[in-house]
Structure formats: C-alpha cells, structure tokens
>>> print(open('coords-v3.cif').read())   # mmCIF, C-alpha atoms
data_my_file
#
loop_
_atom_site.label_atom_id
_atom_site.label_comp_id
_atom_site.auth_asym_id
_atom_site.auth_seq_id
_atom_site.Cartn_x
_atom_site.Cartn_y
_atom_site.Cartn_z
CA MET A 1 59.49 -200.99 4.66
CA ASN A 2 59.58 -197.62 6.36
CA THR A 3 62.26 -197.65 9.05
CA GLY A 4 62.07 -193.97 9.82
CA SER A 5 59.44 -191.42 10.62
CA ASP A 6 58.09 -188.98 8.11
CA GLU A 7 55.98 -187.22 10.74
CA LEU A 8 56.93 -183.64 11.60
CA GLY A 9 57.67 -182.95 15.23
CA GLU A 10 58.30 -186.56 16.17
CA VAL A 11 61.27 -186.50 18.50
CA ALA A 12 62.85 -189.18 20.63
CA VAL A 13 63.68 -187.87 24.08
CA ALA A 14 66.58 -189.33 26.01
CA ALA A 15 65.32 -189.57 29.58
CA ASP A 16 68.41 -190.95 31.28
CA LYS A 17 71.96 -192.16 30.75
CA ALA A 18 70.78 -195.57 29.57
CA ASP A 19 68.93 -193.95 26.68
CA LYS A 20 72.04 -191.93 25.83
CA ALA A 21 74.16 -195.10 25.91
CA GLY A 22 71.63 -196.81 23.66
CA ALA A 23 71.76 -193.88 21.26
CA ALA A 24 75.57 -194.09 21.17
CA ALA A 25 75.37 -197.81 20.43
CA SER A 26 72.79 -197.13 17.72
CA ALA A 27 75.06 -194.51 16.16
CA GLU A 28 77.94 -196.99 16.12
CA GLN A 29 75.68 -199.59 14.51
CA SER A 30 74.52 -197.17 11.81
CA GLU A 31 78.16 -196.28 11.08
CA GLN A 32 78.88 -199.97 10.58
CA GLY A 33 76.17 -200.06 7.94
CA LEU A 34 73.85 -202.73 6.70
CA GLY A 35 74.87 -205.98 5.12
CA SER A 36 76.81 -209.12 5.78
CA ARG A 37 78.97 -209.40 8.87
CA ALA A 38 80.74 -212.49 7.61
CA PRO A 39 84.53 -212.60 7.97
CA ALA A 40 86.50 -211.14 5.06
CA PHE A 41 87.92 -214.49 3.89
CA ILE A 42 84.35 -215.81 3.52
CA LYS A 43 83.17 -212.71 1.64
CA ALA A 44 86.14 -213.00 -0.72
CA ARG A 45 84.93 -216.33 -2.15
CA ARG A 46 81.47 -216.24 -3.74
CA ALA A 47 80.66 -219.95 -3.27
CA LEU A 48 81.80 -219.89 0.35
CA HIS A 49 79.81 -216.73 1.05
CA LEU A 50 76.69 -218.21 -0.53
CA SER A 51 77.02 -221.38 1.54
CA TRP A 52 77.60 -219.19 4.63
CA GLN A 53 74.36 -217.32 3.90
CA VAL A 54 72.46 -220.57 3.39
CA GLY A 55 73.78 -221.87 6.71
CA ILE A 56 72.81 -218.66 8.52
CA PHE A 57 69.35 -218.79 6.94
CA VAL A 58 68.81 -222.43 7.95
CA VAL A 59 69.97 -221.87 11.54
CA GLY A 60 67.85 -218.69 11.86
CA LEU A 61 64.86 -220.49 10.36
CA ALA A 62 65.22 -223.36 12.83
CA VAL A 63 65.34 -220.91 15.76
CA VAL A 64 62.31 -218.97 14.46
CA VAL A 65 60.32 -222.19 13.94
CA VAL A 66 61.15 -223.32 17.50
CA GLY A 67 59.97 -219.91 18.73
CA ILE A 68 56.71 -220.23 16.80
CA ILE A 69 56.18 -223.68 18.29
CA MET A 70 56.81 -222.22 21.75
CA LEU A 71 54.12 -219.54 21.35
CA PRO A 72 51.21 -221.79 22.44
CA LEU A 73 53.46 -223.96 24.62
CA PRO A 74 55.29 -222.97 27.79
CA GLY A 75 58.44 -221.09 26.98
CA PRO A 76 59.73 -217.72 25.82
CA GLY A 77 58.36 -217.91 22.26
CA TRP A 78 58.75 -214.26 21.30
CA VAL A 79 62.25 -214.07 22.73
CA VAL A 80 63.31 -217.10 20.67
CA ILE A 81 61.70 -215.64 17.52
CA PHE A 82 63.61 -212.39 17.98
CA ALA A 83 66.79 -214.40 18.59
CA GLY A 84 66.24 -216.08 15.22
CA MET A 85 65.72 -212.68 13.63
CA ALA A 86 68.99 -211.52 15.22
CA ILE A 87 70.75 -214.52 13.69
CA TRP A 88 69.33 -213.59 10.28
CA ALA A 89 70.33 -209.95 10.85
CA THR A 90 74.00 -210.95 10.93
CA GLU A 91 73.73 -211.68 7.23
CA PHE A 92 70.58 -210.19 5.65
CA VAL A 93 69.70 -206.51 5.26
CA TRP A 94 65.93 -207.14 5.40
CA ALA A 95 66.30 -208.76 8.83
CA GLN A 96 68.44 -205.85 10.05
CA LEU A 97 65.72 -203.42 8.97
CA VAL A 98 63.01 -205.50 10.66
CA LEU A 99 65.02 -205.61 13.89
CA ARG A 100 65.60 -201.85 13.82
CA TRP A 101 61.89 -201.24 13.30
CA THR A 102 60.99 -203.69 16.10
CA LYS A 103 63.46 -202.14 18.55
CA ARG A 104 62.08 -198.68 17.81
CA LYS A 105 58.47 -199.81 18.32
CA VAL A 106 59.31 -201.62 21.58
CA THR A 107 61.10 -198.52 22.88
CA GLU A 108 58.13 -196.32 21.95
CA ALA A 109 55.71 -198.73 23.65
CA ALA A 110 57.84 -198.79 26.80
CA GLN A 111 57.90 -194.99 26.92
CA LYS A 112 54.12 -194.85 26.44
CA ALA A 113 53.60 -197.42 29.20
CA LEU A 114 55.50 -195.19 31.63
CA ASP A 115 53.14 -192.28 30.95
CA PRO A 116 51.13 -191.67 34.18
CA ARG A 117 47.82 -191.24 32.33
CA VAL A 118 48.27 -194.55 30.50
CA ARG A 119 49.22 -196.31 33.73
CA ARG A 120 46.14 -194.95 35.51
CA ARG A 121 43.93 -196.06 32.62
CA ASN A 122 45.45 -199.55 32.63
CA ILE A 123 45.05 -199.89 36.39
CA THR A 124 41.43 -198.70 36.17
CA LEU A 125 40.62 -201.17 33.40
CA THR A 126 42.28 -204.00 35.34
CA VAL A 127 40.28 -203.21 38.47
CA ILE A 128 37.03 -203.06 36.47
CA GLY A 129 37.87 -206.40 34.85
CA LEU A 130 38.63 -208.00 38.22
CA VAL A 131 35.36 -206.71 39.68
CA ILE A 132 33.42 -208.16 36.74
CA VAL A 133 35.17 -211.53 37.05
CA GLY A 134 34.59 -211.52 40.82
CA ALA A 135 30.89 -210.77 40.31
CA LEU A 136 30.56 -213.59 37.77
CA VAL A 137 32.30 -216.06 40.11
CA GLY A 138 30.06 -214.90 42.97
CA VAL A 139 26.89 -215.39 40.90
CA TYR A 140 28.06 -218.84 39.80
CA LEU A 141 28.84 -219.92 43.38
CA TRP A 142 25.52 -218.50 44.65
CA LYS A 143 23.58 -220.32 41.93
CA PHE A 144 25.40 -223.66 41.89
CA GLY A 145 27.42 -223.70 45.09
CA ILE A 146 30.73 -225.42 45.49
CA VAL A 147 31.03 -229.17 45.85
CA MET A 148 34.34 -230.65 46.88
CA PRO A 149 35.37 -233.88 45.14
CA TRP A 150 35.35 -235.85 48.41
CA GLN A 151 31.75 -234.84 49.03
CA LEU A 152 30.39 -236.24 45.78
CA LYS A 153 27.81 -238.98 46.16
CA ASN A 154 28.14 -242.19 44.17
CA GLN A 155 25.86 -241.99 41.19
#
>>> encode(input="coords-v3.cif", output="structure tokens")
Amino acid sequence: MNTGSDELGEVAVAADKADKAGAAASAEQSEQGLGSRAPAFIKARRALHLSWQVGIFVVGLAVVVVGIIMLPLPGPGWVVIFAGMAIWATEFVWAQLVLRWTKRKVTEAAQKALDPRVRRRNITLTVIGLVIVGALVGVYLWKFGIVMPWQLKNQ
C-alpha cells in the first residue's frame, strides 16, 4: 500500500494553527514508529503477546462488524468502523498504515471542499437537483392530485 505521494510538487499547506498542531502530533506519532503498543511485560512473553494480539483482533473485529451492521441501519456506521480500525492500529502495522492513508485522504477532501470553486459547483448542482425534484413533484400533484387519508371513500 502506498502511504506517501510520489507526485512532484504535491505539498500540504498548513492553513492555520490547528493544522500545525496536527502536523506536530503526526511528527510525534512517526517518531514513535509502527508496531505493537502493548506494554513491555506483555511483549516480553511470546505466548502472552500472541494472546494479546488475538484479543485485540477479536475486539476490533467485533467493533468493525457492528459498524458494518450500522451502515444500513440508523447509527454512526463509518465512525464505528474507523474506531475498530483504531483498535486494530494499536497492535497491527497494516491497520496503522490504513489509518494514516485514511486520515490523509479525509484531510485532502476537507481542503478540497473548502475551495470556493468546488463549493459554488456543489451549491449549483444542489439547486438544479432541487428544481428537478420540485418539478417532478409538481407534475405528479397536477396529474394525480393529493388525497388526504380522511377523504378516501369506502371501496
């Protein structure tokens, strides 16, 4: 998995203090490195560390499955899925890399969404969509009318 950019000229711009604070936190995280964050006494014993990893995997899997179930149902499905990934990231390098990639993509998408041209385009498309839906509802009501349930005749 590619967790960095190979493109020339691709630069992340820190727009405010929050971005700078996030960059400082990211630098601290990269200094910590990838890998298990289990306590030292657990890492020292192979069987205990393996059982720790199995436990982390099972708990993370349960949280991810609950998140997947919540996707079509009411609830914060994606938030729960990412929480499960964060649980896995405490122990597994692949999950840490996936979370880094996801955080970078979400940050890029948020920066693109704040671009005035993109906002204008999104607002224009929303207005066009609402006009189309309004026209369809108007045609339907003109053709079939509206009948309230208390005005239905016994059939």
>>> residues_around(input="coords-v3.cif", residues="stretch 34-37 of chain A", least_positions_apart="3", cutoff="7 Å", atoms="only C-alpha atoms", output="VMD selection string")
chain A and resid 90 to 93
>>> residues_around(input="coords-v3.cif", residues="A:Val63", least_positions_apart="2", cutoff="7 Å", atoms="only C-alpha atoms", output="NGL selection string")
:A and (59-61 or 65-67 or 80-81 or 84)
>>> closest_residue(input="coords-v3.cif", among="A:Trp142, A:Phe82, A:Phe57, A:Trp52", to="A:Arg100", atoms="all atoms listed in the file")
A:Phe82
>>> resolve_selection(input="coords-v3.cif", expression="the PyMOL selection byres ((chain A and resi 99) around 10)", output="ChimeraX atom specification")
/A:3,82,85-86,88-89,93-98,100-105
>>> atom_distance(input="coords-v3.cif", atom1="atom CA of A:Gly129", atom2="atom CA of A:Leu71")
24.9 Å
>>> closest_residue(input="coords-v3.cif", among="A:Leu136, A:Ile87, A:Ala38, A:Ala110", to="A:Ser51", atoms="all atoms listed in the file")
A:Ala38
>>> atom_distance(input="coords-v3.cif", atom1="atom CA of A:Gly77", atom2="atom CA of A:Arg119")
26.1 Å
>>> build_atoms(input="coords-v3.cif", residues="stretch 36-47 of chain A", atoms="all heavy atoms", output="PDB file, keeping the file's coordinate frame")
ATOM      1  N   SER A  36      76.221-207.916   5.204  1.00  0.00           N
ATOM      2  CA  SER A  36      76.810-209.120   5.780  1.00  0.00           C
ATOM      3  C   SER A  36      77.902-208.779   6.790  1.00  0.00           C
ATOM      4  O   SER A  36      78.699-207.864   6.594  1.00  0.00           O
ATOM      5  CB  SER A  36      77.409-209.977   4.669  1.00  0.00           C
ATOM      6  OG  SER A  36      78.060-211.089   5.213  1.00  0.00           O
ATOM      7  N   ARG A  37      77.909-209.549   7.868  1.00  0.00           N
ATOM      8  CA  ARG A  37      78.970-209.400   8.870  1.00  0.00           C
ATOM      9  C   ARG A  37      79.878-210.634   8.865  1.00  0.00           C
ATOM     10  O   ARG A  37      80.530-210.930   9.860  1.00  0.00           O
ATOM     11  CB  ARG A  37      78.333-209.197  10.245  1.00  0.00           C
ATOM     12  CG  ARG A  37      77.624-207.869  10.363  1.00  0.00           C
ATOM     13  CD  ARG A  37      77.159-207.595  11.773  1.00  0.00           C
ATOM     14  NE  ARG A  37      76.528-206.301  11.870  1.00  0.00           N
ATOM     15  CZ  ARG A  37      75.225-206.083  11.730  1.00  0.00           C
ATOM     16  NH1 ARG A  37      74.419-207.097  11.479  1.00  0.00           N
ATOM     17  NH2 ARG A  37      74.728-204.883  11.849  1.00  0.00           N
ATOM     18  N   ALA A  38      79.892-211.315   7.741  1.00  0.00           N
ATOM     19  CA  ALA A  38      80.740-212.490   7.610  1.00  0.00           C
ATOM     20  C   ALA A  38      82.208-212.057   7.578  1.00  0.00           C
ATOM     21  O   ALA A  38      82.530-210.944   7.160  1.00  0.00           O
ATOM     22  CB  ALA A  38      80.402-213.250   6.332  1.00  0.00           C
ATOM     23  N   PRO A  39      83.093-212.930   8.035  1.00  0.00           N
ATOM     24  CA  PRO A  39      84.530-212.600   7.970  1.00  0.00           C
ATOM     25  C   PRO A  39      84.973-212.334   6.528  1.00  0.00           C
ATOM     26  O   PRO A  39      84.381-212.822   5.565  1.00  0.00           O
ATOM     27  CB  PRO A  39      85.196-213.862   8.522  1.00  0.00           C
ATOM     28  CG  PRO A  39      84.153-214.538   9.336  1.00  0.00           C
ATOM     29  CD  PRO A  39      82.848-214.207   8.691  1.00  0.00           C
ATOM     30  N   ALA A  40      86.035-211.573   6.384  1.00  0.00           N
ATOM     31  CA  ALA A  40      86.500-211.140   5.060  1.00  0.00           C
ATOM     32  C   ALA A  40      86.885-212.314   4.168  1.00  0.00           C
ATOM     33  O   ALA A  40      86.607-212.300   2.970  1.00  0.00           O
ATOM     34  CB  ALA A  40      87.684-210.193   5.217  1.00  0.00           C
ATOM     35  N   PHE A  41      87.501-213.362   4.743  1.00  0.00           N
ATOM     36  CA  PHE A  41      87.920-214.490   3.890  1.00  0.00           C
ATOM     37  C   PHE A  41      86.704-215.245   3.351  1.00  0.00           C
ATOM     38  O   PHE A  41      86.777-215.865   2.293  1.00  0.00           O
ATOM     39  CB  PHE A  41      88.865-215.435   4.644  1.00  0.00           C
ATOM     40  CG  PHE A  41      88.200-216.294   5.687  1.00  0.00           C
ATOM     41  CD1 PHE A  41      87.742-217.575   5.368  1.00  0.00           C
ATOM     42  CD2 PHE A  41      88.053-215.845   6.990  1.00  0.00           C
ATOM     43  CE1 PHE A  41      87.146-218.366   6.329  1.00  0.00           C
ATOM     44  CE2 PHE A  41      87.453-216.629   7.954  1.00  0.00           C
ATOM     45  CZ  PHE A  41      86.992-217.895   7.620  1.00  0.00           C
ATOM     46  N   ILE A  42      85.564-215.164   4.026  1.00  0.00           N
ATOM     47  CA  ILE A  42      84.350-215.810   3.520  1.00  0.00           C
ATOM     48  C   ILE A  42      83.729-214.930   2.439  1.00  0.00           C
ATOM     49  O   ILE A  42      83.280-215.430   1.401  1.00  0.00           O
ATOM     50  CB  ILE A  42      83.344-216.065   4.669  1.00  0.00           C
ATOM     51  CG1 ILE A  42      83.889-217.169   5.563  1.00  0.00           C
ATOM     52  CG2 ILE A  42      81.973-216.432   4.130  1.00  0.00           C
ATOM     53  CD1 ILE A  42      83.053-217.472   6.771  1.00  0.00           C
ATOM     54  N   LYS A  43      83.724-213.621   2.643  1.00  0.00           N
ATOM     55  CA  LYS A  43      83.170-212.710   1.640  1.00  0.00           C
ATOM     56  C   LYS A  43      83.980-212.735   0.347  1.00  0.00           C
ATOM     57  O   LYS A  43      83.443-212.486  -0.729  1.00  0.00           O
ATOM     58  CB  LYS A  43      83.149-211.280   2.178  1.00  0.00           C
ATOM     59  CG  LYS A  43      82.109-211.030   3.225  1.00  0.00           C
ATOM     60  CD  LYS A  43      82.182-209.560   3.624  1.00  0.00           C
ATOM     61  CE  LYS A  43      81.269-209.235   4.763  1.00  0.00           C
ATOM     62  NZ  LYS A  43      81.379-207.827   5.172  1.00  0.00           N
ATOM     63  N   ALA A  44      85.262-213.031   0.446  1.00  0.00           N
ATOM     64  CA  ALA A  44      86.140-213.000  -0.720  1.00  0.00           C
ATOM     65  C   ALA A  44      85.815-214.114  -1.727  1.00  0.00           C
ATOM     66  O   ALA A  44      86.084-213.961  -2.911  1.00  0.00           O
ATOM     67  CB  ALA A  44      87.593-213.112  -0.291  1.00  0.00           C
ATOM     68  N   ARG A  45      85.256-215.196  -1.270  1.00  0.00           N
ATOM     69  CA  ARG A  45      84.930-216.330  -2.150  1.00  0.00           C
ATOM     70  C   ARG A  45      83.412-216.442  -2.283  1.00  0.00           C
ATOM     71  O   ARG A  45      82.712-216.682  -1.298  1.00  0.00           O
ATOM     72  CB  ARG A  45      85.520-217.601  -1.586  1.00  0.00           C
ATOM     73  CG  ARG A  45      87.037-217.559  -1.573  1.00  0.00           C
ATOM     74  CD  ARG A  45      87.606-218.683  -0.725  1.00  0.00           C
ATOM     75  NE  ARG A  45      89.043-218.594  -0.631  1.00  0.00           N
ATOM     76  CZ  ARG A  45      89.682-217.815   0.231  1.00  0.00           C
ATOM     77  NH1 ARG A  45      89.019-217.045   1.058  1.00  0.00           N
ATOM     78  NH2 ARG A  45      90.997-217.795   0.261  1.00  0.00           N
ATOM     79  N   ARG A  46      82.912-216.282  -3.496  1.00  0.00           N
ATOM     80  CA  ARG A  46      81.470-216.240  -3.740  1.00  0.00           C
ATOM     81  C   ARG A  46      80.775-217.523  -3.293  1.00  0.00           C
ATOM     82  O   ARG A  46      79.739-217.473  -2.627  1.00  0.00           O
ATOM     83  CB  ARG A  46      81.199-215.981  -5.215  1.00  0.00           C
ATOM     84  CG  ARG A  46      79.743-215.860  -5.546  1.00  0.00           C
ATOM     85  CD  ARG A  46      79.546-215.201  -6.898  1.00  0.00           C
ATOM     86  NE  ARG A  46      78.183-215.223  -7.328  1.00  0.00           N
ATOM     87  CZ  ARG A  46      77.241-214.395  -6.901  1.00  0.00           C
ATOM     88  NH1 ARG A  46      77.530-213.494  -6.003  1.00  0.00           N
ATOM     89  NH2 ARG A  46      76.012-214.467  -7.360  1.00  0.00           N
ATOM     90  N   ALA A  47      81.301-218.684  -3.632  1.00  0.00           N
ATOM     91  CA  ALA A  47      80.660-219.950  -3.270  1.00  0.00           C
ATOM     92  C   ALA A  47      80.637-220.138  -1.752  1.00  0.00           C
ATOM     93  O   ALA A  47      79.634-220.579  -1.176  1.00  0.00           O
ATOM     94  CB  ALA A  47      81.378-221.118  -3.932  1.00  0.00           C
TER      95      ALA A  47
END
